[in-house]
Amino acid sequence: MRIYEKIRDIDRRLIFLLIALAVSLPIIFQISFPEITTPMVKKVFDQIDSMPAGSKVLLAFDYDPASEPELQPMANSLLRHLALRRCKLYFITLWPVGQNMIEDTIKNVLLPEFGEYTYGVDYVNLGFKSGNEGVIKVVQTNLRKLYTTDGRGTAIDKIQMLKDVKSLASMALIVNVSAGYPGLKEWIQYGSDPVGLAIVGGCTAVQAPLLYPYYPNQLIGFMGGIKGAAEYDEILRKNYGDQISQRYKNGLQSWLSTEVGKLRASYTGEQLQQRIAEAQEKYKQKLDSEKKELYLGLFRMGPQAIAHLVIMLLIVTGNVTFFIDRRRRKKKTVSSPPAFLRKQEAGPSE
Amino acid sequence: MKRTVPLVITFVVGWVLIFSVFFPYTESLGEDFSVFFDIIASIAFILGGGSLIKMFGAKVIKRQPGWGYALVAIVGFVGTLVVGLLKTGNPEGITGNVLAEGSAIMAVYDYMFKPCGATMFALLAFYVASAAYRAFRAKNTEAVILLVTAFIILFGRTFLGTLATIWLPEQLDFLKIPNIASWIMIVLNQAGNRAIMIGISLGIISTSLKVILGIERSYLGSE
């Protein structure tokens, strides 16, 4: 078998192995590449950066764990930026498990890094409601018609920051992170556009081409996939890097103090010392991986970039073998005698 | 009766929702109908659950091929439903937040749903690579155009794409790979997508009118 034939008929398990290496090696060695922020992503940043403190922002997280690796980095960065601008945050979701994504983001980003944010005063989780764009249509004119409690079961009238919120028109901006239907497209069509409200967001790379028709008039800016998240991380790091880093360190310090306090209440003697040492080790590890924790987009772009290059290499190789194959087949057809002659050469059949 | 009632409901709801956009007096009626829709959508969850049990249950009882998977689906569905509704292990009790840490439903979510969902999505990368190698061939002009476009987009989204043309002077900025990729998306893709969207929208309007007026009745099922 010729070399090109071996490459042409390559075992697909080898391709799987190549992709596995292309994805896992950059993760293991924490490879990341510099990013240049494109105008579309910069517009998202500029829009959020122009929000005055206290602006009401509706944060719609319409995704699930399947797309979490692609969308969580941008959700984290958007939340971080909005909190740095001291905006009032109204979380909402049209996806059943979106509520988990909201709670996870609050737990991992808002609570440790922005301790001054109080539930019901600075942020609220309205949770999930079924009905897809039907929900958007209702909240567009009357939020209370559909939401009597928040996602945690507290009556809406008891929540301070919801007292002067009547509908979508009470918001200053919609920020959406979406993995499909219902998502960014529906928020534009039924939410922001009829009310004349500004909207920015992010979506999976697969969904991005479908959203370009709304840009830049109906959709101020958006991020497509991990690439968009990485670009956003880059611009956020340039502008707020020191503040973000300081908040991360403060959050970790506060976590360690709380943890040690809890351990002192539960353990004594050698066991206590051992547990404290474990907590300190965890603290050190988190401190060391600061950049990775804060700029997930940049770090997740590494494996994707390498995987893209491997796929491109595979496409090129596949086409080279295809052309060699075609040329050989043509040559074979030209050099071999016509069918009626071949029959004569073979002699009469038995 | 079986066909007339749905037709009347469709006619009334359809016209009210159209009028509610143009006439302020009917706006609250439009809101009410949208809320009715959301309530029906919630009931659809019950319908979906019932349908799942019926379909998979029959498969298990009749021991049809793949009944084991059906059994796993039923056990998973009923188990999640029970621990969710009863708020099993919830430190805040039956009246507490369903997503409270330490509850059984959160354990199901964290240790089963989340990793399974992410794994399924991650598998795509392997199949995309394999499919790209075997099917992405420059067989004819259309395939060549598709291949070149995909190549530029892919290349433009990597650091090498940026590095490859970084040396170009500012006057030739438009020739930089990421800028070409961006141009393809913003100009060519946008134009094509807009055309498709306008076509779809016109189709939706005409179909909606046919449904509201009772001309199109296929959604009612057969007689």
# chains A, B, ... in the order shown; residues from 1 in each chain; ligands from 1
>>> residues_around(residues="Pro73 in chain A", least_positions_apart="4", cutoff="8 Å", atoms="only C-alpha atoms", output="VMD selection string")
chain A and resid 69 77 226 229 295 to 297
>>> write_last_selection(atoms="all heavy atoms", output="compact mmCIF listing (two decimals), in the first residue's frame")
# COMPACT_ATOMS: atom_id res chain seq x y z
N PRO A 69 -19.11 25.03 28.63
CA PRO A 69 -17.69 25.30 28.35
C PRO A 69 -17.48 26.46 27.38
O PRO A 69 -16.50 27.17 27.46
CB PRO A 69 -17.19 23.98 27.74
CG PRO A 69 -18.14 22.94 28.24
CD PRO A 69 -19.47 23.63 28.34
N SER A 77 -17.31 37.03 32.45
CA SER A 77 -16.71 38.34 32.15
C SER A 77 -17.75 39.44 32.10
O SER A 77 -17.51 40.56 32.59
CB SER A 77 -15.95 38.28 30.83
OG SER A 77 -14.92 37.35 30.93
N ILE A 226 -16.12 30.96 21.93
CA ILE A 226 -14.97 31.18 22.81
C ILE A 226 -14.08 32.31 22.30
O ILE A 226 -13.52 33.08 23.07
CB ILE A 226 -14.16 29.86 22.91
CG1 ILE A 226 -14.81 28.94 23.93
CG2 ILE A 226 -12.72 30.09 23.28
CD1 ILE A 226 -14.63 29.36 25.36
N ALA A 229 -15.39 35.45 23.56
CA ALA A 229 -15.14 35.55 25.00
C ALA A 229 -13.69 35.91 25.27
O ALA A 229 -13.38 36.72 26.16
CB ALA A 229 -15.49 34.22 25.67
N TYR A 295 -9.71 34.72 33.55
CA TYR A 295 -9.85 34.90 32.10
C TYR A 295 -10.00 33.54 31.42
O TYR A 295 -9.17 33.11 30.63
CB TYR A 295 -8.65 35.68 31.55
CG TYR A 295 -8.45 36.99 32.28
CD1 TYR A 295 -7.41 37.17 33.17
CD2 TYR A 295 -9.38 38.03 32.13
CE1 TYR A 295 -7.25 38.35 33.88
CE2 TYR A 295 -9.23 39.22 32.83
CZ TYR A 295 -8.17 39.37 33.69
OH TYR A 295 -8.04 40.55 34.40
N LEU A 296 -11.12 32.91 31.73
CA LEU A 296 -11.41 31.58 31.19
C LEU A 296 -11.42 31.56 29.67
O LEU A 296 -10.98 30.60 29.05
CB LEU A 296 -12.80 31.15 31.68
CG LEU A 296 -12.92 30.40 33.00
CD1 LEU A 296 -14.36 30.10 33.28
CD2 LEU A 296 -12.12 29.11 32.95
N GLY A 297 -11.95 32.63 29.08
CA GLY A 297 -12.06 32.71 27.61
C GLY A 297 -10.71 32.59 26.95
O GLY A 297 -10.53 31.82 26.00
>>> select_by_dssp(residues="range 33-134 of chain B", states="alpha helix (DSSP H)", output="PyMOL selection string")
chain B and resi 33-61+67-85+104-108+114-134
>>> interface_residues(of="chain A", to="chain B", cutoff="6 Å", atoms="only C-alpha atoms", output="ChimeraX atom specification")
/A:16,65-66,130-131,134,138,152,212-213,305,311,314-315,318-319
>>> select_by_dssp(residues="range 98-152 of chain A", states="strand (DSSP E or B)", output="list in words")
Tyr119, Tyr123, Val124, Asn125, Leu126, Gly127, Phe128 and Thr149 of chain A
>>> atom_distance(atom1="CA of Leu184 in chain A", atom2="CA of Ala60 in chain A")
8.8 Å
>>> residues_around(residues="Phe77 in chain B", least_positions_apart="4", cutoff="10 Å", atoms="only C-alpha atoms", output="list in words")
Gly49, Leu52, Ile53, Leu71, Val72, Ala73, Leu81 and Val82 of chain B
